[in-house]
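Undergrad: Following this message is one structure expressed as structure tokens.
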Amino acid sequence: MNFEQLLLRAKQGDPKSIADILNMYQPLLLKYSVIDDRLDEDLYQEQCITLIRAIKLFRI
């Protein structure tokens, strides 16, 4: 399955597709959740929520 198909399924609410996209972007989300050499778990969670919302808003 290519990314466009994965995104379409995620937009339709498929939990596995959403999880696959979150896993795909997890390294980037973790990278930008580190403040003063410590993982800010609240920031990481907020970024995950923002990504999920962005999936639903993305137009294909």
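Here's how to read the names in the structure tokens: chain A, B, ... by the order shown, residue numbers from 1 in each chain, ligand numbers from 1 in the order shown.
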What are the DSSP strand (DSSP E) residues of chain A, as a count of residues only?
TA: 4
Undergrad: For A:Arg9, please output as a PyMOL selection string all residues within 12 Å (counting only C-alpha atoms; exclusion window: fewer than 4 positions along the same chain).
TA: chain A and resi 1-5+13-21+55-56+60
Undergrad: Separation of atom CA of A:Gln45 and atom CA of A:Gln26, in Å?
TA: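 One can read the atom CA of A:Gln45 to atom CA of A:Gln26 distance as 10.9 Å.
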Undergrad: When you count only C-alpha atoms, which of these residues is closest to A:Pro27: A:Asp42, A:Ala54, A:Leu6, A:Cys48?
TA: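 Of A:Asp42, A:Ala54, A:Leu6, A:Cys48, the one nearest A:Pro27 is A:Cys48, counting only C-alpha atoms.
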Undergrad: Just list the residues in chain A DSSP gives alpha helix (DSSP H) on the backbone, as a count of residues only.
TA: 43
Undergrad: What is the distance between atom CA of A:Phe58 and atom CA of A:Tyr44, in Å to one decimal?
TA: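 One can read the atom CA of A:Phe58 to atom CA of A:Tyr44 distance as 20.7 Å.
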Undergrad: Grab the atom CA of A:Lys11 to atom CA of A:Leu57 distance for me, in Å with one decimal place.
TA: 8.0 Å
